[in-house]
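Written out below as structure tokens is the structure these notes cover.
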Amino acid sequence: MAEADSERRLLILYGSQTGYAKDTAYRISRQAWRRHFAVSVQSMDQADKWSVFTATHPVIFVCSTTGQGEEPDNMRKFWRFLLRKSIPHDALSGLSFAVFGLGDSSYQKFNFPAKRLYRRLQQLGGTPIVGRGDGDDQHYLGLDGALDPWLQQLWAALLDRYPLPKPIVPDSVAPDPSCNIAFADGNDDDAVLNANQALLAAGTHLARLVSSDRMTAADHFQDVRHFRFELEDPDDAPSWSPGDCAVLRPENLASDVDAFLEQMHWTDRADRPLEISPRSDSIIPEWIPRRTTLRWLCTAYFDIMAVPRRSFFEMLYYFSSSADEKERLYDFTTSEGQDELQTYCMRPRRTILEVLDDLPGSRVPLDYIFDVFPEIAERSFSISSASAATPGQVELTVAIVSYKTIMQKPRVGVCTKWLLNMAPGQMVGLRFASGTMALPDSQTPVIMVGPGTGIAAFMSFIRDRIIDSATANYLFFGCRSEHKDFLHHRQLHQWVDQGVLRLFCAFSRDQDEKVYVQQRIREQGDLLWSLIAEQHAVVFVSGNANQMPDDVRQAFIDVAAAHGVDDAAEYVQQMIKTGRYQEECWY
């Protein structure tokens with residue numbers, strides 16, 4: 001990007017789990033460049049923490065929410081550092097900052113990381129440039145519904161402090177690319193890497209797929225799979241705790257990659273070695289080899305099957321050779337055009353591959369591929385096996401994502417499509433991440449509520465507790481039909497027969513009147529209250545976040561109220577605060 005006045009500097013730090021906050025951070029950086037600021041963009045954990053404490057220029061924080069109001073992985077070290085009690089209360093008295101959060105207001109802990117960060121920065125003496133921005137997925141325009149007006153306030157405040165030295169760079173001018181890419185001479189076998197070789201550099205472990213078994217009936221609408229992996233080097237395999245996750249980075253299918261390469265007119269160059277030369281503050285991760293091929297990048301890194309975000313259309317606009325397409329792309333980049341973009345792209349879940357097919361006159365120069373195409377996001381799955389019982393064996397319970405929109409082809413998740421097409425014996429790279437639920441000691445009873453694939457983590461819980469001779473295990477499981485989607489039913493019944501599990505099931509469609517887990521909870525109110533009030537049991541809830549968590553929480557409130565608790569809602573709230581009621585739910 002062009003040179004800016006050394007005094008006109010901005011540092012943008014992001015915490016991003018799936019890429020949205022990172023994408024937003026770079027969108028802000030492009031707008032800053034147009035206003036002649038020198039900009040540096042980094043993840044919070046990547047940044048030098050002391051540079052924040054000594055900053056004489058504004059710092060903009062962008063952070064998303066993961067789990068149940070938790071900080072994203074690449075923000076957690078920074079956040080823990082900020083919480084140190086040894087930090088003086090006026091340590092950030094010279095800092096001007098702004099915070100924008102990305103979240104979903106249907107979650108109970110909406111934008112908690114952004115709210116906590118904003119409050120902590122103020123506690124340490126920082127001065128907000130503008131009020132905190134709260135992006136909300138529930139807004140009819142998505143996150144942009146809050147981001148656009150917040151950015152207007154931000155730039156007004158910053159330009160009042162740092163007047164423009166010259167006119168704003170017009171939207172018609174493309175920013176410089178983040179790297180230079182050039183094809184190398186000859187055929188270099190070293191350039192043809194598979195994804196696992198590169199992923200190993202990012203702290204992953206190689207694992208071999210052993211089996212992929214369908215758990216639901218063949219005629220059931222939902223395909224749920226039980227995947228078994230074996231780590232390549234069991235002796236070097238890390239142990240994981242019950243409730244932890246296996247994190248996978250999927251690949252695009254060869255057929256999709258071929259179609260993409262053909263659309264981009266890159267087929268004849270797909271396997272030629274190329275060299276990547278990042279510029280300063282490059283968005284390219286360190287694990288990406290600097291000598292590779294287009295085919296490898298399109299297979300292992302670029303999410304060509306993603307639903308493109310607004311930034312994709314902003315960048316594609318610069319490279320369109322069609323006047324009609326250019327006009328349409330420009331409309332998609334404006335605040336006024338966001339409803340049209342939602343209708344065209346977001347609601348039908350149109351993919352990048354399909355958008356490019358719609359826009360044959362819009363193609364991306366090679367140097368800009370890292371600026372235009374998003375990175376494949378990692379996917380996290382609760383581990384169903386227990387490290388203490390079967391070290392080196394990782395089992396996952398995965399619902400295959402497949403649904404219909406107005407598009408002709410069904411929408412299929414990138415990761416689940418990759419897993420479904422994986423043959424036994426195929427190697428994958430995976431790493432381990434801490435979950436949000438933590439088991440108590442073996443003497444404490446646990447009450448688990450896990451409808452559907454919410455049971456995944458609880459399989460690990462039960463296996464681990466059996467090893468510790470803990471038999472006070474109570475599971476409430478729900479699904480549609482006992483004979484269609486009763487996941488892990490053989491193992492569960494075996495544990496019941498062994499006396500190490502008490503199981504309560506709700507099969508919602510097996511009778512005229514629907515029955516859900518919250519009804520089973522109320523039916524077992526006396527037992528549950530005895531466990532909670534007398535034996536200090538810990539309650540765990542896992543599964544789909546739509547309505548289930550609220551309904552289950554209300555059922556426990558009703559149980560407490562039925563047993564004489566005056567303020568039952570406050571009682572359950574205190575259980576949540578003290579870790580005796582834990583939720584891990586998702587959409």
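Identifiers for the structure tokens are assigned positionally: chains receive A, B, ... in sequence, residues are indexed from 1 per chain, and ligands are indexed from 1 in the order shown.
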
Neighbours of stretch 271-279 of chain A within 6 Å (only C-alpha atoms; same-chain residues fewer than 3 positions away dropped), as a list in words?
Ser178, Cys179, Asn180, Ile181, Ala182, Phe183, Ala184, Ala191, Ser282, Arg290, Arg291, Thr292 and Thr293 of chain A

N, CA, C and O atoms of the current selection, written as an mmCIF file, in the first residue's frame:
```
data_model
loop_
_atom_site.group_PDB
_atom_site.id
_atom_site.type_symbol
_atom_site.label_atom_id
_atom_site.label_comp_id
_atom_site.auth_asym_id
_atom_site.auth_seq_id
_atom_site.Cartn_x
_atom_site.Cartn_y
_atom_site.Cartn_z
ATOM 1 N N SER A 178 -1.096 -8.211 -1.165
ATOM 2 C CA SER A 178 -0.334 -8.517 0.037
ATOM 3 C C SER A 178 0.894 -9.367 -0.241
ATOM 4 O O SER A 178 1.709 -9.592 0.651
ATOM 5 N N CYS A 179 1.039 -9.840 -1.486
ATOM 6 C CA CYS A 179 2.219 -10.630 -1.827
ATOM 7 C C CYS A 179 2.456 -10.582 -3.334
ATOM 8 O O CYS A 179 1.581 -10.159 -4.105
ATOM 9 N N ASN A 180 3.620 -10.985 -3.725
ATOM 10 C CA ASN A 180 3.948 -11.165 -5.133
ATOM 11 C C ASN A 180 4.068 -12.653 -5.412
ATOM 12 O O ASN A 180 4.674 -13.397 -4.630
ATOM 13 N N ILE A 181 3.492 -13.079 -6.507
ATOM 14 C CA ILE A 181 3.509 -14.496 -6.870
ATOM 15 C C ILE A 181 4.081 -14.632 -8.267
ATOM 16 O O ILE A 181 3.659 -13.931 -9.195
ATOM 17 N N ALA A 182 5.031 -15.532 -8.422
ATOM 18 C CA ALA A 182 5.669 -15.746 -9.721
ATOM 19 C C ALA A 182 5.899 -17.231 -9.927
ATOM 20 O O ALA A 182 6.248 -17.957 -8.991
ATOM 21 N N PHE A 183 5.690 -17.685 -11.148
ATOM 22 C CA PHE A 183 5.956 -19.087 -11.468
ATOM 23 C C PHE A 183 7.458 -19.306 -11.591
ATOM 24 O O PHE A 183 8.191 -18.476 -12.140
ATOM 25 N N ALA A 184 7.899 -20.430 -11.059
ATOM 26 C CA ALA A 184 9.317 -20.782 -11.122
ATOM 27 C C ALA A 184 9.578 -21.619 -12.365
ATOM 28 O O ALA A 184 8.660 -22.206 -12.940
ATOM 29 N N ALA A 191 7.853 -28.711 -4.735
ATOM 30 C CA ALA A 191 6.736 -27.758 -4.687
ATOM 31 C C ALA A 191 5.406 -28.459 -4.538
ATOM 32 O O ALA A 191 4.410 -27.856 -4.179
ATOM 33 N N SER A 282 1.761 -9.398 5.922
ATOM 34 C CA SER A 282 1.054 -10.286 5.016
ATOM 35 C C SER A 282 0.001 -11.097 5.757
ATOM 36 O O SER A 282 0.153 -11.438 6.929
ATOM 37 N N ARG A 290 6.258 -21.431 0.952
ATOM 38 C CA ARG A 290 6.509 -20.306 0.045
ATOM 39 C C ARG A 290 6.826 -20.770 -1.367
ATOM 40 O O ARG A 290 6.955 -19.955 -2.281
ATOM 41 N N ARG A 291 6.991 -22.034 -1.557
ATOM 42 C CA ARG A 291 7.146 -22.623 -2.894
ATOM 43 C C ARG A 291 6.162 -23.783 -2.985
ATOM 44 O O ARG A 291 6.288 -24.777 -2.279
ATOM 45 N N THR A 292 5.180 -23.628 -3.841
ATOM 46 C CA THR A 292 4.110 -24.619 -3.906
ATOM 47 C C THR A 292 3.478 -24.565 -5.300
ATOM 48 O O THR A 292 4.129 -24.137 -6.257
ATOM 49 N N THR A 293 2.215 -24.996 -5.418
ATOM 50 C CA THR A 293 1.510 -24.943 -6.701
ATOM 51 C C THR A 293 0.111 -24.368 -6.495
ATOM 52 O O THR A 293 -0.430 -24.390 -5.384
#
```

Can you tell me which residues surround A:Arg35 at a distance of at most 7 Å, considering only C-alpha atoms, apart from same-chain residues fewer than 6 positions away, and format the answer as a list of chain:residue names?
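In the requested format, the answer is A:Leu164, A:Ile168, A:Val169.
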
Closest contacts (stretch 190-293 of chain A/stretch 336-357 of chain A, max 8 Å, only C-alpha atoms) as CSV:
```
residue,atom,partner,partner_atom,distance
A:Ala259,CA,A:Leu353,CA,7.9
A:Phe260,CA,A:Leu353,CA,6.3
A:Gln263,CA,A:Asp357,CA,7.1
```

Go ahead and save the picked residues with N, CA and C atoms, as a PDB file, in the first residue's frame.
```pdb
ATOM      1  N   ALA A 259     -12.795 -27.627 -11.357  1.00  0.00           N
ATOM      2  CA  ALA A 259     -13.775 -26.671 -11.886  1.00  0.00           C
ATOM      3  C   ALA A 259     -13.332 -25.238 -11.609  1.00  0.00           C
ATOM      4  N   PHE A 260     -12.792 -24.990 -10.434  1.00  0.00           N
ATOM      5  CA  PHE A 260     -12.323 -23.654 -10.070  1.00  0.00           C
ATOM      6  C   PHE A 260     -11.145 -23.240 -10.948  1.00  0.00           C
ATOM      7  N   GLN A 263     -12.382 -22.288 -14.321  1.00  0.00           N
ATOM      8  CA  GLN A 263     -13.054 -20.986 -14.313  1.00  0.00           C
ATOM      9  C   GLN A 263     -12.053 -19.840 -14.312  1.00  0.00           C
TER      10      GLN A 263
END
```

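Take atom CA of A:Leu102 and atom CA of A:Gln46: the distance between them is 19.7 Å.
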
Surrounding residues of stretch 460-473 of chain A excluding itself and chain neighbours under 2 positions, 6 Å, only C-alpha atoms, as a list of chain:residue names:
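Final neighbour list, sorted by chain and number: A:Pro242, A:Ser384, A:Ser385, A:Ala386, A:Ser442, A:Pro445, A:Val446, A:Ala457, A:Phe458, A:Val500, A:Leu501.
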
Go ahead and save the residues from that selection, with N, CA and C atoms, as a compact mmCIF listing (two decimals), in the first residue's frame.
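Okay, this is what ended up in selection25.txt:
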```
# COMPACT_ATOMS: atom_id res chain seq x y z
N PRO A 242 -11.46 -35.13 28.75
CA PRO A 242 -12.86 -35.29 28.34
C PRO A 242 -13.47 -33.93 28.02
N SER A 384 -15.28 -38.18 21.05
CA SER A 384 -16.14 -39.14 21.73
C SER A 384 -15.35 -40.21 22.47
N SER A 385 -14.08 -40.37 22.14
CA SER A 385 -13.25 -41.36 22.82
C SER A 385 -12.53 -40.71 23.99
N ALA A 386 -11.97 -41.55 24.86
CA ALA A 386 -11.24 -41.05 26.03
C ALA A 386 -9.78 -41.43 25.91
N SER A 442 -14.17 -37.53 40.55
CA SER A 442 -14.92 -38.77 40.31
C SER A 442 -15.99 -39.04 41.37
N PRO A 445 -21.44 -36.55 41.32
CA PRO A 445 -22.34 -37.02 40.25
C PRO A 445 -22.37 -36.01 39.09
N VAL A 446 -22.55 -36.53 37.89
CA VAL A 446 -22.71 -35.65 36.72
C VAL A 446 -24.04 -35.96 36.05
N ALA A 457 -19.51 -35.37 23.24
CA ALA A 457 -18.56 -35.14 24.34
C ALA A 457 -18.88 -36.03 25.53
N PHE A 458 -20.16 -36.36 25.73
CA PHE A 458 -20.54 -37.14 26.90
C PHE A 458 -20.08 -38.59 26.79
N VAL A 500 -23.09 -48.58 35.31
CA VAL A 500 -22.26 -47.37 35.39
C VAL A 500 -22.95 -46.16 34.76
N LEU A 501 -24.20 -46.34 34.33
CA LEU A 501 -24.94 -45.24 33.70
C LEU A 501 -26.43 -45.41 33.94
```

Fewer than 5 positions away in the same chain doesn't count, so skip those; otherwise give me all residues within 8 Å of A:Ala537, counting only C-alpha atoms, as a PyMOL selection string.
chain A and resi 444-447+531-532+580

Pairwise distance for atom CA of A:Glu70 and atom CA of A:Phe112, rounded to one decimal in Å
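So the answer is 7.2 Å.
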
Residue neighbourhood A:Gln222, 12 Å, only C-alpha atoms, exclusion window fewer than 4 positions, as a ChimeraX atom specification
/A:214-218,398-403,452-453,479-481,484-487

Requested write-out: C-alpha atoms of the selected residues, as a CSV table (one decimal), in the first residue's frame:
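New file again.csv:
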```
chain,number,residue,atom,x,y,z
A,214,ARG,CA,-23.3,-44.3,9.5
A,215,MET,CA,-25.1,-44.3,12.8
A,216,THR,CA,-28.6,-43.3,11.7
A,217,ALA,CA,-31.0,-45.4,9.7
A,218,ALA,CA,-30.5,-45.4,5.9
A,398,VAL,CA,-20.4,-35.9,13.1
A,399,ALA,CA,-23.7,-34.8,11.6
A,400,ILE,CA,-23.3,-34.4,7.8
A,401,VAL,CA,-24.2,-30.9,6.8
A,402,SER,CA,-26.5,-31.1,3.7
A,403,TYR,CA,-29.6,-29.0,3.0
A,452,GLY,CA,-28.6,-35.5,19.0
A,453,THR,CA,-24.9,-35.0,18.4
A,479,CYS,CA,-33.7,-37.8,19.3
A,480,ARG,CA,-36.6,-38.3,16.9
A,481,SER,CA,-37.0,-42.1,16.9
A,484,LYS,CA,-33.8,-44.1,13.4
A,485,ASP,CA,-31.3,-41.8,15.2
A,486,PHE,CA,-30.6,-43.2,18.6
A,487,LEU,CA,-26.8,-42.5,18.5
```
